[in-house]
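Colleague: Sharing model-v1.cif below, mmCIF, C-alpha atoms:
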data_data
loop_
_atom_site.label_atom_id
_atom_site.label_comp_id
_atom_site.auth_asym_id
_atom_site.auth_seq_id
_atom_site.Cartn_x
_atom_site.Cartn_y
_atom_site.Cartn_z
CA MET K 1 -5.45 -116.44 -23.26
CA MET K 2 -2.62 -114.71 -25.11
CA CYS K 3 -4.06 -111.25 -24.43
CA PHE K 4 -5.05 -112.06 -20.89
CA ILE K 5 -1.68 -113.46 -19.86
CA THR K 6 0.01 -110.17 -20.73
CA LEU K 7 -1.83 -108.65 -17.77
CA GLY K 8 0.11 -110.98 -15.51
CA LEU K 9 3.45 -111.25 -17.28
CA ILE K 10 4.03 -107.61 -18.17
CA GLY K 11 2.56 -106.42 -14.88
CA LEU K 12 5.12 -108.42 -12.94
CA LEU K 13 7.99 -107.37 -15.18
CA TRP K 14 6.90 -103.76 -14.72
CA VAL K 15 7.14 -104.10 -10.95
CA VAL K 16 10.50 -105.85 -11.01
CA TYR K 17 12.39 -103.61 -13.46
CA GLY K 18 10.15 -102.07 -16.14
CA TYR K 19 9.28 -98.85 -14.35
CA SER K 20 12.90 -98.34 -13.44
CA LEU K 21 14.10 -98.82 -17.02
CA CYS K 22 11.53 -96.34 -18.29
CA PHE K 23 11.66 -93.59 -15.69
CA GLY K 24 14.84 -94.12 -13.70
CA PRO K 25 17.97 -91.93 -13.95
CA ASP K 26 19.09 -91.46 -17.53
CA LYS K 27 22.06 -93.27 -19.00
CA TRP K 28 23.44 -91.98 -22.32
CA GLY K 29 19.96 -90.75 -23.34
CA ILE K 30 19.05 -94.28 -24.43
CA THR K 31 17.89 -96.09 -21.32
CA ALA K 32 17.64 -95.65 -17.58
CA ASP K 33 20.16 -96.95 -15.11
CA SER K 34 17.96 -99.62 -13.56
CA ILE K 35 20.53 -100.72 -11.01
CA SER K 36 21.04 -97.31 -9.42
CA SER K 37 17.45 -96.13 -9.86
CA VAL K 38 15.78 -94.97 -6.66
CA TRP K 39 12.02 -94.59 -7.00
CA THR K 40 10.82 -91.46 -5.31
CA VAL K 41 7.81 -92.75 -3.37
CA SER K 42 8.76 -94.25 -0.03
CA ALA K 43 6.21 -97.09 0.12
CA ARG K 44 7.84 -100.53 -0.09
CA VAL K 45 6.26 -103.56 -1.68
CA LEU K 46 7.42 -107.06 -0.81
CA PRO K 47 10.55 -105.82 0.99
CA LEU K 48 11.96 -109.34 1.24
CA PHE K 49 12.06 -109.67 -2.53
CA MET K 50 12.53 -106.12 -3.79
CA LEU K 51 15.91 -104.43 -3.87
CA ARG K 52 14.42 -100.95 -3.83
CA PRO K 53 11.13 -99.19 -3.05
CA PHE K 54 8.32 -99.34 -5.57
CA PRO K 55 6.18 -96.25 -6.16
CA SER K 56 2.64 -96.36 -4.89
CA SER K 57 1.69 -93.29 -6.92
CA PRO K 58 -1.11 -93.45 -9.50
CA PHE K 59 1.45 -92.49 -12.13
CA ALA K 60 3.26 -95.82 -11.78
CA ALA K 61 0.01 -97.76 -12.08
CA PHE K 62 -1.14 -95.63 -15.01
CA GLN K 63 2.09 -96.25 -16.88
CA MET K 64 1.81 -99.96 -16.15
CA MET K 65 -1.48 -99.91 -18.03
CA PHE K 66 0.30 -98.49 -21.07
CA ALA K 67 2.93 -101.24 -20.92
CA VAL K 68 0.39 -104.05 -20.62
CA ILE K 69 -1.79 -102.74 -23.44
CA THR K 70 1.09 -102.18 -25.83
CA VAL K 71 2.27 -105.78 -25.66
CA ALA K 72 -1.30 -107.05 -25.98
CA LEU K 73 -1.77 -105.04 -29.18
CA ILE K 74 0.74 -107.25 -30.97
CA VAL K 75 -1.18 -110.44 -30.16
CA GLY K 76 -3.78 -109.81 -32.88
CA ALA K 77 -1.12 -110.24 -35.55
CA VAL K 78 0.26 -113.51 -34.23
CA VAL K 79 -2.76 -115.32 -32.79
CA GLU K 80 -2.93 -118.91 -34.07
CA ARG K 81 0.45 -118.30 -35.74
CA ILE K 82 2.71 -118.72 -32.72
CA LYS K 83 3.03 -121.17 -29.86
CA PHE K 84 1.86 -119.97 -26.48
CA ASN K 85 5.22 -120.50 -24.78
CA SER K 86 6.97 -118.72 -27.66
CA LEU K 87 4.64 -115.77 -27.19
CA LEU K 88 5.62 -115.54 -23.53
CA VAL K 89 9.31 -115.40 -24.41
CA PHE K 90 8.71 -112.89 -27.20
CA SER K 91 6.56 -110.66 -24.98
CA ALA K 92 9.15 -110.53 -22.22
CA LEU K 93 11.98 -109.76 -24.65
CA TRP K 94 9.96 -107.21 -26.62
CA PHE K 95 8.90 -105.41 -23.45
CA THR K 96 12.50 -105.25 -22.24
CA LEU K 97 14.28 -104.42 -25.48
CA VAL K 98 11.69 -102.32 -27.32
CA TYR K 99 9.01 -100.86 -25.08
CA CYS K 100 11.14 -99.81 -22.12
CA PRO K 101 13.87 -98.06 -24.15
CA VAL K 102 11.41 -96.23 -26.42
CA THR K 103 9.37 -95.11 -23.41
CA HIS K 104 12.50 -93.69 -21.84
CA TRP K 105 13.46 -91.94 -25.09
CA VAL K 106 10.09 -90.17 -25.27
CA TRP K 107 8.86 -89.75 -21.69
CA GLY K 108 11.86 -90.42 -19.48
CA SER K 109 13.90 -87.58 -18.06
CA GLY K 110 17.03 -87.35 -20.20
CA GLY K 111 15.78 -89.50 -23.07
CA TRP K 112 17.25 -88.35 -26.38
CA LEU K 113 13.89 -87.69 -28.03
CA ASN K 114 12.63 -85.97 -24.89
CA LYS K 115 15.63 -83.63 -24.91
CA MET K 116 14.93 -82.77 -28.55
CA GLY K 117 11.45 -81.56 -27.59
CA PHE K 118 9.62 -84.54 -29.09
CA LEU K 119 5.90 -84.46 -28.21
CA ASP K 120 3.78 -87.54 -27.59
CA PHE K 121 0.85 -86.76 -25.33
CA ALA K 122 -0.66 -90.21 -24.87
CA GLY K 123 1.42 -92.84 -26.62
CA GLY K 124 1.25 -92.34 -30.36
CA THR K 125 4.93 -93.31 -30.59
CA VAL K 126 5.45 -95.27 -27.39
CA VAL K 127 2.37 -97.43 -27.91
CA HIS K 128 0.97 -97.27 -31.43
CA ILE K 129 4.10 -97.03 -33.55
CA THR K 130 6.08 -99.60 -31.59
CA ALA K 131 3.22 -102.11 -31.48
CA GLY K 132 2.05 -101.33 -35.00
CA VAL K 133 5.45 -101.88 -36.59
CA SER K 134 6.03 -105.02 -34.55
CA ALA K 135 2.61 -106.42 -35.47
CA SER K 136 2.91 -105.65 -39.18
CA ARG K 137 2.06 -108.61 -41.43
CA TRP K 138 2.54 -106.86 -44.76
CA PRO K 139 2.82 -108.25 -47.35
CA TYR K 140 0.60 -111.14 -46.33
CA PRO K 141 -1.33 -113.25 -48.88
CA GLY K 142 -4.96 -112.18 -48.96
CA THR K 143 -4.48 -108.85 -47.19
CA VAL K 144 -5.47 -106.77 -50.22
CA ARG K 145 -8.47 -109.00 -50.98
CA VAL K 146 -9.76 -108.67 -47.43
CA LYS K 147 -9.34 -104.89 -47.50
CA ILE K 148 -11.31 -104.59 -50.74
CA ALA K 149 -14.00 -106.87 -49.35
CA MET K 150 -14.26 -104.67 -46.25
CA LYS K 151 -14.87 -101.62 -48.41
CA ALA K 152 -17.54 -103.38 -50.44
CA ASN K 153 -19.24 -104.82 -47.37
CA ALA K 154 -18.59 -108.29 -48.81
CA TRP K 155 -16.66 -109.65 -45.86
CA THR K 156 -17.80 -110.04 -42.28
CA PRO K 157 -16.10 -111.42 -39.19
CA ALA K 158 -17.28 -114.66 -37.63
CA ILE K 159 -18.91 -112.97 -34.63
CA PHE K 160 -20.05 -109.55 -35.76
CA PRO K 161 -21.48 -108.33 -32.43
CA MET K 162 -18.13 -108.99 -30.78
CA VAL K 163 -16.43 -106.63 -33.24
CA LEU K 164 -18.84 -103.85 -32.35
CA LEU K 165 -18.56 -104.61 -28.64
CA GLY K 166 -14.78 -104.46 -28.88
CA ALA K 167 -14.84 -101.20 -30.86
CA GLY K 168 -17.22 -99.67 -28.33
CA ILE K 169 -15.04 -100.69 -25.40
CA LEU K 170 -11.99 -99.32 -27.22
CA TRP K 171 -13.65 -95.97 -27.86
CA PHE K 172 -14.74 -95.68 -24.25
CA GLY K 173 -11.37 -96.81 -22.92
CA TRP K 174 -9.57 -94.33 -25.14
CA PHE K 175 -10.91 -91.50 -22.98
CA GLY K 176 -8.95 -92.86 -20.04
CA PHE K 177 -5.97 -93.42 -22.28
CA ASN K 178 -5.83 -89.87 -23.65
CA ALA K 179 -7.57 -87.71 -21.07
CA GLY K 180 -5.81 -89.59 -18.28
CA SER K 181 -2.45 -88.65 -19.78
CA ALA K 182 -3.07 -85.11 -18.54
CA LEU K 183 -2.44 -86.54 -15.05
CA THR K 184 -5.07 -84.16 -13.76
CA SER K 185 -8.82 -83.72 -13.91
CA GLY K 186 -8.63 -80.11 -15.07
CA GLY K 187 -9.05 -78.33 -18.35
CA LEU K 188 -6.27 -80.21 -20.14
CA ALA K 189 -7.96 -83.55 -19.50
CA SER K 190 -11.30 -82.16 -20.69
CA SER K 191 -9.74 -80.82 -23.88
CA ALA K 192 -7.98 -84.13 -24.59
CA PHE K 193 -11.26 -85.96 -23.92
CA MET K 194 -13.18 -83.87 -26.46
CA THR K 195 -10.40 -83.99 -29.04
CA THR K 196 -10.33 -87.77 -28.77
CA TYR K 197 -14.08 -88.09 -29.19
CA ILE K 198 -14.25 -85.73 -32.15
CA ALA K 199 -11.43 -87.48 -34.02
CA GLY K 200 -13.09 -90.87 -33.53
CA ALA K 201 -16.44 -89.52 -34.68
CA ALA K 202 -14.90 -87.89 -37.76
CA GLY K 203 -13.12 -91.13 -38.61
CA ALA K 204 -16.32 -93.16 -38.36
CA ILE K 205 -18.36 -90.74 -40.48
CA THR K 206 -15.62 -90.47 -43.09
CA TRP K 207 -15.48 -94.23 -43.60
CA MET K 208 -19.28 -94.31 -43.82
CA ILE K 209 -19.26 -91.72 -46.61
CA LEU K 210 -16.43 -93.42 -48.47
CA GLY K 211 -18.27 -96.72 -48.17
CA TRP K 212 -20.93 -95.47 -50.53
CA SER K 213 -18.30 -95.33 -53.29
CA TYR K 214 -18.46 -99.13 -53.37
CA GLN K 215 -21.93 -100.31 -52.40
CA ARG K 216 -23.08 -99.16 -49.01
CA PRO K 217 -21.45 -98.36 -45.68
CA SER K 218 -20.45 -101.36 -43.60
CA VAL K 219 -20.61 -101.38 -39.84
CA LEU K 220 -17.20 -103.06 -39.80
CA GLY K 221 -15.80 -100.18 -41.82
CA VAL K 222 -17.38 -97.55 -39.57
CA ALA K 223 -15.78 -99.22 -36.54
CA THR K 224 -12.44 -99.32 -38.35
CA GLY K 225 -12.70 -95.63 -39.25
CA ALA K 226 -13.41 -94.71 -35.64
CA VAL K 227 -10.37 -96.62 -34.38
CA ALA K 228 -8.21 -95.00 -37.08
CA GLY K 229 -9.25 -91.55 -35.90
CA LEU K 230 -8.72 -92.41 -32.25
CA ALA K 231 -5.26 -93.85 -32.83
CA THR K 232 -4.06 -90.99 -35.00
CA VAL K 233 -5.12 -88.21 -32.65
CA THR K 234 -3.55 -89.85 -29.59
CA PRO K 235 -0.08 -88.23 -29.69
CA ALA K 236 -1.58 -84.78 -30.21
CA ALA K 237 -4.72 -85.00 -28.06
CA GLY K 238 -3.46 -82.65 -25.36
CA TYR K 239 -1.65 -80.22 -27.64
CA ILE K 240 -4.38 -79.17 -30.09
CA GLN K 241 -7.82 -77.63 -29.97
CA PRO K 242 -10.65 -80.19 -30.03
CA ILE K 243 -11.92 -78.91 -33.39
CA ILE K 244 -8.64 -80.00 -35.00
CA GLY K 245 -9.72 -83.56 -34.27
CA ILE K 246 -12.05 -83.33 -37.28
CA PRO K 247 -9.38 -83.04 -40.03
CA ILE K 248 -7.21 -85.55 -38.20
CA GLY K 249 -10.05 -88.09 -38.09
CA ILE K 250 -10.92 -87.46 -41.74
CA ALA K 251 -7.33 -87.86 -42.89
CA ALA K 252 -6.71 -90.98 -40.81
CA SER K 253 -9.87 -92.76 -41.93
CA SER K 254 -9.29 -91.80 -45.57
CA LEU K 255 -5.73 -93.13 -45.55
CA VAL K 256 -6.77 -96.41 -43.94
CA PHE K 257 -9.65 -96.76 -46.40
CA THR K 258 -7.41 -96.25 -49.40
#
Could you rewrite the structure in this file as structure tokens?

Modeller:
Amino acid sequence: MMCFITLGLIGLLWVVYGYSLCFGPDKWGITADSISSVWTVSARVLPLFMLRPFPSSPFAAFQMMFAVITVALIVGAVVERIKFNSLLVFSALWFTLVYCPVTHWVWGSGGWLNKMGFLDFAGGTVVHITAGVSASRWPYPGTVRVKIAMKANAWTPAIFPMVLLGAGILWFGWFGFNAGSALTSGGLASSAFMTTYIAGAAGAITWMILGWSYQRPSVLGVATGAVAGLATVTPAAGYIQPIIGIPIGIAASSLVFT
């Protein structure tokens, strides 16, 4: 329920003001001027309730996907540790005060990181760093014990097939995440697609090999290694040759393992 409701809550906030805060006219290099923002596509949605036109372009919808997913990523760290109504308040505030400004810094025209030449092809900073830092539970009692148990294949989740199903869906969805950030179906998207796949594969194989240093490889660890490779290559997926995904996946999986 917590993950699912972000589809509704963040989607609506994106329509009302989120897109404007992220990609509207720059103000001081920190945020966009939402009040004076004029979205460039002429289509109007709900004209009785909207103060300005909303873009019907695929770019606006694609960026909405990033916003929804980023907030949902934090849920895993707070599930069963926060009230549902508190999560709604937190999600709305976090989206407004963290996600929108950082998105403008990196991807918005005039953002201070953008003007410095900062590169983030598909959300390594905007999505993974913001959500990862916000979801951090370290130090949390038992974290080290669970990590050691994962390496030794001595700990398993309650519903193992669901872990693999989730990892498989993530890997598949990552192609849309990274390749789609090319905003075209040409060579750049193809290169990002291959780079993403190779990094995930290298991460999975690396964790498998390292698993033998304890007892035997665990399927949970292999899935974790794949996700580590996928996440790490995301900001660079469109800027590097696909073969470079191999050392990135190896390094990411090794660091997570250790």

Colleague: Would you translate the PyMOL selection byres ((chain K and resi 70-87) around 8) into the concrete set of residues it matches in this file, as a list in words?

Modeller: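 Listing what the PyMOL selection byres ((chain K and resi 70-87) around 8) selects in the shown file: Met2, Cys3, Thr6, Ile10, Phe66, Ala67, Val68, Ile69, Leu88, Val89, Phe90, Ser91, Trp94, Phe95, Val127, His128, Ala131, Gly132, Ser134, Ala135, Ser136 and Arg137 of chain K.
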
Colleague: Report as an MDAnalysis selection string the residues that result from applying the PyMOL selection byres ((chain K and resi 61) around 12) to the structure here.

Modeller: chainID K and resid 11:12 14:15 18:19 54:60 62:68 180 183

Colleague: I'd like the interatomic distance between atom CA of K:Ser218 and atom CA of K:Ser254, to a tenth of an Å.

Modeller: 14.8 Å

Colleague: Expand the PyMOL selection byres ((chain K and resi 189) around 10) into the individual residues it matches in the shown file, reporting them as a list in words.

Modeller: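 That expression, the PyMOL selection byres ((chain K and resi 189) around 10), corresponds here to Phe175, Gly176, Asn178, Ala179, Gly180, Ser181, Ala182, Leu183, Thr184, Ser185, Gly186, Gly187, Leu188, Ser190, Ser191, Ala192, Phe193, Met194, Thr195, Ala237 and Gly238 of chain K.
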
Colleague: Between K:Ala252, K:Val233, K:Ala228, K:Ala92, which is the closest to K:Leu13 once you count only C-alpha atoms?

Modeller: K:Ala92

Colleague: Might you pull out every residue within 12 Å of K:Val163, with all atoms listed in the file counted and same-chain residues fewer than 6 positions away left off, and present them as a PyMOL selection string?

Modeller: chain K and resi 156-157+169-170+219-224+227

Colleague: Could you check which of K:Gly203, K:Pro161, K:Gly123, K:Gly111 is closest to K:Ile250, using all atoms listed in the file?

Modeller: K:Gly203

Colleague: In the coordinate frame of the file, compute which residues have an atom within 10 Å of (-12.1, -97.1, -30.4) when using all atoms listed in the file, and state them as a compact mmCIF listing (two decimals) with C-alpha atoms, in the frame of the given file.

Modeller:
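To be explicit, this is the file written out as result-v6.txt:
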# COMPACT_ATOMS: atom_id res chain seq x y z
CA LEU K 164 -18.84 -103.85 -32.35
CA GLY K 166 -14.78 -104.46 -28.88
CA ALA K 167 -14.84 -101.20 -30.86
CA GLY K 168 -17.22 -99.67 -28.33
CA ILE K 169 -15.04 -100.69 -25.40
CA LEU K 170 -11.99 -99.32 -27.22
CA TRP K 171 -13.65 -95.97 -27.86
CA PHE K 172 -14.74 -95.68 -24.25
CA GLY K 173 -11.37 -96.81 -22.92
CA TRP K 174 -9.57 -94.33 -25.14
CA PHE K 175 -10.91 -91.50 -22.98
CA THR K 196 -10.33 -87.77 -28.77
CA TYR K 197 -14.08 -88.09 -29.19
CA GLY K 200 -13.09 -90.87 -33.53
CA ALA K 201 -16.44 -89.52 -34.68
CA ALA K 204 -16.32 -93.16 -38.36
CA ALA K 223 -15.78 -99.22 -36.54
CA THR K 224 -12.44 -99.32 -38.35
CA GLY K 225 -12.70 -95.63 -39.25
CA ALA K 226 -13.41 -94.71 -35.64
CA VAL K 227 -10.37 -96.62 -34.38
CA ALA K 228 -8.21 -95.00 -37.08
CA GLY K 229 -9.25 -91.55 -35.90
CA LEU K 230 -8.72 -92.41 -32.25
CA ALA K 231 -5.26 -93.85 -32.83

Colleague: What does the distance from atom CA of K:Leu113 to atom CA of K:Gly8 come to in Å, to one decimal?

Modeller: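 Interatomic distance, atom CA of K:Leu113 to atom CA of K:Gly8: 29.8 Å.
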
Colleague: Find the distance between atom CA of K:Ile205 and atom CA of K:Gly124 and write it in Å to one decimal.

Modeller: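 If I compute the distance from atom CA of K:Ile205 to atom CA of K:Gly124, I get 22.1 Å.
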
Colleague: Using all atoms listed in the file, which protein or nucleic acid residues come within 8 Å of K:Leu119? Drop anything in the same chain fewer than 3 positions from it, and give the result as a PDB file with C-alpha atoms, keeping the file's coordinate frame.

Modeller:
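Once written, part-v4.pdb looks like this:
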ATOM      1  CA  VAL K 106      10.090 -90.170 -25.270  1.00  0.00           C
ATOM      2  CA  ASN K 114      12.630 -85.970 -24.890  1.00  0.00           C
ATOM      3  CA  PRO K 235      -0.080 -88.230 -29.690  1.00  0.00           C
ATOM      4  CA  ALA K 236      -1.580 -84.780 -30.210  1.00  0.00           C
TER       5      ALA K 236
END

Colleague: Go through K:Ile248, K:Ile240, K:Leu9, K:Leu97 and flag the residue nearest K:Phe121, using only C-alpha atoms for the distances.

Modeller: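 Ranked by minimum distance to K:Phe121, first place goes to K:Ile240.
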
Colleague: Nearest residue to K:Ala251 out of K:Met162, K:Trp207, K:Thr234, K:Trp112, using all atoms listed in the file?

Modeller: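 Among the listed residues, the smallest separation from K:Ala251 belongs to K:Trp207.
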
Colleague: Nearest to K:Val102: which of K:Ile159, K:Cys22, K:Met116, K:Leu165 is it, counting all atoms listed in the file?

Modeller: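 Of K:Ile159, K:Cys22, K:Met116, K:Leu165, the one nearest K:Val102, counting all atoms listed in the file, is K:Cys22.
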
Colleague: Using only C-alpha atoms, find the one residue out of K:Ala199, K:Lys115, K:Cys100, K:Ser213 that sits nearest to K:Gly249.

Modeller: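 Ranked by minimum distance to K:Gly249, first place goes to K:Ala199.
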
Colleague: Dump N, CA and C atoms of stretch 160-193 of chain K from the given block, as a PDB file, in the first residue's frame.

Modeller:
ATOM      1  N   PHE K 160      11.070 -16.317  -0.956  1.00  0.00           N
ATOM      2  CA  PHE K 160      12.225 -16.255  -1.829  1.00  0.00           C
ATOM      3  C   PHE K 160      11.860 -15.990  -3.290  1.00  0.00           C
ATOM      4  N   PRO K 161      10.863 -16.664  -3.844  1.00  0.00           N
ATOM      5  CA  PRO K 161      10.522 -16.399  -5.248  1.00  0.00           C
ATOM      6  C   PRO K 161      10.155 -14.943  -5.518  1.00  0.00           C
ATOM      7  N   MET K 162       9.581 -14.266  -4.518  1.00  0.00           N
ATOM      8  CA  MET K 162       9.220 -12.869  -4.718  1.00  0.00           C
ATOM      9  C   MET K 162      10.458 -11.983  -4.856  1.00  0.00           C
ATOM     10  N   VAL K 163      11.541 -12.361  -4.152  1.00  0.00           N
ATOM     11  CA  VAL K 163      12.788 -11.609  -4.278  1.00  0.00           C
ATOM     12  C   VAL K 163      13.316 -11.715  -5.703  1.00  0.00           C
ATOM     13  N   LEU K 164      13.318 -12.922  -6.244  1.00  0.00           N
ATOM     14  CA  LEU K 164      13.810 -13.120  -7.600  1.00  0.00           C
ATOM     15  C   LEU K 164      12.890 -12.460  -8.619  1.00  0.00           C
ATOM     16  N   LEU K 165      11.592 -12.541  -8.389  1.00  0.00           N
ATOM     17  CA  LEU K 165      10.654 -11.884  -9.293  1.00  0.00           C
ATOM     18  C   LEU K 165      10.893 -10.374  -9.293  1.00  0.00           C
ATOM     19  N   GLY K 166      11.057  -9.813  -8.107  1.00  0.00           N
ATOM     20  CA  GLY K 166      11.312  -8.379  -8.002  1.00  0.00           C
ATOM     21  C   GLY K 166      12.611  -7.978  -8.675  1.00  0.00           C
ATOM     22  N   ALA K 167      13.676  -8.776  -8.465  1.00  0.00           N
ATOM     23  CA  ALA K 167      14.965  -8.465  -9.084  1.00  0.00           C
ATOM     24  C   ALA K 167      14.865  -8.555 -10.609  1.00  0.00           C
ATOM     25  N   GLY K 168      14.127  -9.550 -11.095  1.00  0.00           N
ATOM     26  CA  GLY K 168      13.959  -9.680 -12.537  1.00  0.00           C
ATOM     27  C   GLY K 168      13.197  -8.513 -13.141  1.00  0.00           C
ATOM     28  N   ILE K 169      12.134  -8.095 -12.460  1.00  0.00           N
ATOM     29  CA  ILE K 169      11.369  -6.938 -12.940  1.00  0.00           C
ATOM     30  C   ILE K 169      12.239  -5.677 -12.912  1.00  0.00           C
ATOM     31  N   LEU K 170      13.039  -5.536 -11.850  1.00  0.00           N
ATOM     32  CA  LEU K 170      13.938  -4.380 -11.763  1.00  0.00           C
ATOM     33  C   LEU K 170      14.914  -4.355 -12.930  1.00  0.00           C
ATOM     34  N   TRP K 171      15.532  -5.488 -13.198  1.00  0.00           N
ATOM     35  CA  TRP K 171      16.524  -5.553 -14.266  1.00  0.00           C
ATOM     36  C   TRP K 171      15.880  -5.201 -15.603  1.00  0.00           C
ATOM     37  N   PHE K 172      14.722  -5.755 -15.850  1.00  0.00           N
ATOM     38  CA  PHE K 172      14.012  -5.456 -17.095  1.00  0.00           C
ATOM     39  C   PHE K 172      13.611  -3.983 -17.162  1.00  0.00           C
ATOM     40  N   GLY K 173      13.063  -3.473 -16.049  1.00  0.00           N
ATOM     41  CA  GLY K 173      12.628  -2.086 -16.023  1.00  0.00           C
ATOM     42  C   GLY K 173      13.768  -1.097 -16.146  1.00  0.00           C
ATOM     43  N   TRP K 174      14.972  -1.526 -15.730  1.00  0.00           N
ATOM     44  CA  TRP K 174      16.122  -0.634 -15.793  1.00  0.00           C
ATOM     45  C   TRP K 174      16.464  -0.251 -17.235  1.00  0.00           C
ATOM     46  N   PHE K 175      16.114  -1.096 -18.185  1.00  0.00           N
ATOM     47  CA  PHE K 175      16.369  -0.763 -19.584  1.00  0.00           C
ATOM     48  C   PHE K 175      15.560   0.464 -20.004  1.00  0.00           C
ATOM     49  N   GLY K 176      14.325   0.537 -19.542  1.00  0.00           N
ATOM     50  CA  GLY K 176      13.522   1.727 -19.824  1.00  0.00           C
ATOM     51  C   GLY K 176      14.053   2.932 -19.088  1.00  0.00           C
ATOM     52  N   PHE K 177      14.511   2.699 -17.882  1.00  0.00           N
ATOM     53  CA  PHE K 177      15.056   3.756 -17.039  1.00  0.00           C
ATOM     54  C   PHE K 177      16.273   4.401 -17.687  1.00  0.00           C
ATOM     55  N   ASN K 178      17.241   3.566 -18.112  1.00  0.00           N
ATOM     56  CA  ASN K 178      18.498   4.086 -18.647  1.00  0.00           C
ATOM     57  C   ASN K 178      18.444   4.362 -20.144  1.00  0.00           C
ATOM     58  N   ALA K 179      18.005   3.383 -20.916  1.00  0.00           N
ATOM     59  CA  ALA K 179      17.942   3.594 -22.359  1.00  0.00           C
ATOM     60  C   ALA K 179      16.934   4.688 -22.698  1.00  0.00           C
ATOM     61  N   GLY K 180      15.823   4.744 -21.961  1.00  0.00           N
ATOM     62  CA  GLY K 180      14.822   5.763 -22.208  1.00  0.00           C
ATOM     63  C   GLY K 180      15.325   7.169 -21.961  1.00  0.00           C
ATOM     64  N   SER K 181      16.352   7.307 -21.123  1.00  0.00           N
ATOM     65  CA  SER K 181      16.893   8.627 -20.826  1.00  0.00           C
ATOM     66  C   SER K 181      17.604   9.243 -22.022  1.00  0.00           C
ATOM     67  N   ALA K 182      17.825   8.456 -23.068  1.00  0.00           N
ATOM     68  CA  ALA K 182      18.371   9.021 -24.302  1.00  0.00           C
ATOM     69  C   ALA K 182      17.331   9.873 -25.016  1.00  0.00           C
ATOM     70  N   LEU K 183      16.059   9.676 -24.666  1.00  0.00           N
ATOM     71  CA  LEU K 183      14.945  10.413 -25.273  1.00  0.00           C
ATOM     72  C   LEU K 183      14.892  10.220 -26.785  1.00  0.00           C
ATOM     73  N   THR K 184      15.396   9.090 -27.221  1.00  0.00           N
ATOM     74  CA  THR K 184      15.376   8.740 -28.635  1.00  0.00           C
ATOM     75  C   THR K 184      15.571   7.241 -28.743  1.00  0.00           C
ATOM     76  N   SER K 185      15.225   6.684 -29.883  1.00  0.00           N
ATOM     77  CA  SER K 185      15.399   5.245 -30.078  1.00  0.00           C
ATOM     78  C   SER K 185      16.625   4.941 -30.934  1.00  0.00           C
ATOM     79  N   GLY K 186      17.558   5.856 -30.998  1.00  0.00           N
ATOM     80  CA  GLY K 186      18.730   5.704 -31.839  1.00  0.00           C
ATOM     81  C   GLY K 186      19.882   4.999 -31.166  1.00  0.00           C
ATOM     82  N   GLY K 187      21.074   5.298 -31.648  1.00  0.00           N
ATOM     83  CA  GLY K 187      22.274   4.632 -31.173  1.00  0.00           C
ATOM     84  C   GLY K 187      22.582   4.888 -29.712  1.00  0.00           C
ATOM     85  N   LEU K 188      22.283   6.073 -29.215  1.00  0.00           N
ATOM     86  CA  LEU K 188      22.557   6.385 -27.816  1.00  0.00           C
ATOM     87  C   LEU K 188      21.743   5.490 -26.895  1.00  0.00           C
ATOM     88  N   ALA K 189      20.471   5.287 -27.220  1.00  0.00           N
ATOM     89  CA  ALA K 189      19.628   4.418 -26.408  1.00  0.00           C
ATOM     90  C   ALA K 189      20.142   2.981 -26.442  1.00  0.00           C
ATOM     91  N   SER K 190      20.565   2.525 -27.619  1.00  0.00           N
ATOM     92  CA  SER K 190      21.095   1.164 -27.748  1.00  0.00           C
ATOM     93  C   SER K 190      22.360   0.989 -26.925  1.00  0.00           C
ATOM     94  N   SER K 191      23.231   1.978 -26.949  1.00  0.00           N
ATOM     95  CA  SER K 191      24.468   1.909 -26.174  1.00  0.00           C
ATOM     96  C   SER K 191      24.175   1.884 -24.677  1.00  0.00           C
ATOM     97  N   ALA K 192      23.261   2.753 -24.234  1.00  0.00           N
ATOM     98  CA  ALA K 192      22.888   2.775 -22.820  1.00  0.00           C
ATOM     99  C   ALA K 192      22.251   1.455 -22.402  1.00  0.00           C
ATOM    100  N   PHE K 193      21.453   0.872 -23.286  1.00  0.00           N
ATOM    101  CA  PHE K 193      20.813  -0.417 -23.020  1.00  0.00           C
ATOM    102  C   PHE K 193      21.869  -1.490 -22.771  1.00  0.00           C
TER     103      PHE K 193
END
